Amino acid sequence: MRLLAWLNGLVPCLLLAWDAWHGQLGANAVNDAIRTTGLLSLVMLLLSLSVTPLCRVTGWNELIAIRRPFGVWAFLYAAVHFSIYFGLDRELSVSSTLQEILARRVEELGGAEVVENGVTVVEYKQEVDEVTGKKVAVAVTDSGRTYRGDVLMGSDGIWSKIRHQMIGPTEANYSQYTCYTGISDFTPADIDTVGYRVFLGHEQYFVSSDVGGGKMQWYAFNKEPAGGEDRGAKKDRLMELFGHWNDNVTELIMATPEEDVLRRDIYDRPPIFKWVDGRVALLGDSAHAMQPNLGQGGCMAIEDAFQLSVDIREGMEKGRDFDGILRGYFAKRLVRAAVIHGMAGMAAFMASTYKAHLGEGLGPLEWIRQYRIPHPGRVGGQFVLKYTMPLVLEWVLGGYSGVLRGAGRAPVCRIEDKPLGFDERMFPTFMRDDDELLRAARANWYLAGQNGKGSRVDLRADGETVVEAAGESVVVRFGEDGTYYVDASTAVTRDAKPVVSYTSSIALRPGDEVAIGGETFVVKFEHSSVVSHGHGKYDRRAEEVIAHPESQLVDA
Ligand SMILES: Cc1cc2nc3c(=O)[nH]c(=O)nc-3n(C[C@H](O)[C@H](O)[C@H](O)COP(=O)(O)OP(=O)(O)OC[C@H]3O[C@@H](n4cnc5c(N)ncnc54)[C@H](O)[C@@H]3O)c2cc1C
């Protein structure tokens, strides 16, 4: 019994230590441990319950003796472990959104009734409390109710009423783009190696991002006047706009339920130089609503909030007045928020003016496109981005670390459940070699027939696959370098142009079309976990790092 008690405590510690050893200790690790514990408890309880019927059937009555201690232990096991995890849940915020974490902490500090939803603030006032004689900020709601406090933070978004009152009416800028968004249970083939993608087109662009748990979030931007509405299904409209784009785009749209697709017009506001009025201040989009292209609007709101909390704590310790604390907060946030606002605008400009080839958007001169001459803006942009991006990103993502360090927080972004889908030393190689990146995907390759019968031929990853159609056949060979090849005489089309090879074979890429016996097959690939579990069941933490030849590794 004592041994069992030891094991009871040891199991969660071992599981979590294992994850810590692999650098993956975090919410996911605790979630996994909860799942394992739940299953183990269930098995033990079932075993203990099955002892009596088993004794009846077999006549082994001595088993009865172990039933009770076993059952009691199983119950204790479940109770102790779930208490441990419940504690960890509160500490490590298992399965919580940022909003839930914030609400929970606010309730912990202020009491259960302190968070009130569904209240619309329409204006603010500054008053002096008759009893204490101290200055107070007053929020007035649409029903006439008032709330008083030392400070009032107007974190009410881009259409902020507090901002409107503080600086007067200002126009929001329409970006000229409407944006459809969705989150779908979808696992792209290369999810282990590529977490974020931007597809650029003329006056259209598409962004997809791994948001964990086998889910992908995506944004589809289309240039059109504000205020448009969809008469039919949003997905039908999206397929009209993006149906001819890459599989990575269309498959994601198709995999998203219609009711989960949202649409909104994208606005921002120019930076302002007044965020504070006495004891009232702005925070987040109300102060600096920016274009979404850098993914920084929410991040800046979080940095604002963190700065505010640091300043209030320090200011109160030093006995400073709240008006002064808010002015200090504004002074510390203004420049960084404005610079990132500018960068986001620049990123939006680049995405919305992108042209792949000369002739695009040139009306009567569109015919020049057929020559596929790279657009000088694209080439120049790539060059500039290649050399400036590392510095820019370091400042955008890590530029706030000084404040974090000063406040005793980890100065780095910790994505503890990030997938270990590849050896991180391969990163420089992936950055310069698309083929290497493609090979590193844990994907099963197949040929999808386009004759309407949905025929599919899975390609072997250990030799040759013979693909036959209408009496003709093509051999697809899996090379030692991890690439699929066909003979150079095979009719392969890429981006609507025949692939010409000067060697004896053609290396296939996803999206290529292979003609066999008059039938067209498209080269596709899907993450290997999709084959065994289906989309949405993907475990982000790859079990092992993909092996790469030592010779290709770059020293870390
Ligand atoms: C397409 C798109 C993609 C984006 N992607 C990213 C990204 O990847 N990363 C990132 O960091 N940011 C991103 N952003 C930006 C991010 O969503 C915003 O910057 C962020 O939500 C701003 O937070 P906020 O709290 O200031 O305002 P909001 O999130 O707008 O919250 C304002 C809140 O105030 C409430 N409210 C409004 N008026 C009143 C009132 N009168 N009284 C009471 N309550 C009121 C609202 O109901 C709402 O709950 C994206 C934005 C868009 C449009």
# chains A, B, ... in the order shown; residues from 1 in each chain; ligands from 1
call {"tool": "select_by_dssp", "arguments": {"residues": "segment 85-228 of chain A", "states": "strand (DSSP E)", "output": "MDAnalysis selection string"}}
result
chainID A and resid 121:128 135:141 146:149 152:154 173:185 196:201 204:212 215:223
call {"tool": "residues_near_ligand", "arguments": {"ligand": "ligand 1", "cutoff": "8 Å", "atoms": "only C-alpha atoms and all ligand atoms", "output": "PyMOL selection string"}}
result
chain A and resi 118-122+141+155-162+179-181+219+264-267+283-287+289-301
call {"tool": "closest_residue", "arguments": {"among": "A:Asp192, A:Leu308, A:Lys386, A:Met153", "to": "Phe422 of chain A", "atoms": "only C-alpha atoms"}}
result
A:Asp192
call {"tool": "residues_around", "arguments": {"residues": "segment 473-487 of chain A", "least_positions_apart": "6", "cutoff": "7 Å", "atoms": "only C-alpha atoms", "output": "number ranges by chain"}}
result
A: 439, 461-467, 504-508, 516
call {"tool": "residues_around", "arguments": {"residues": "Ala356 of chain A", "least_positions_apart": "4", "cutoff": "7 Å", "atoms": "only C-alpha atoms", "output": "list of chain:residue names"}}
result
A:Pro374, A:His375, A:Arg378
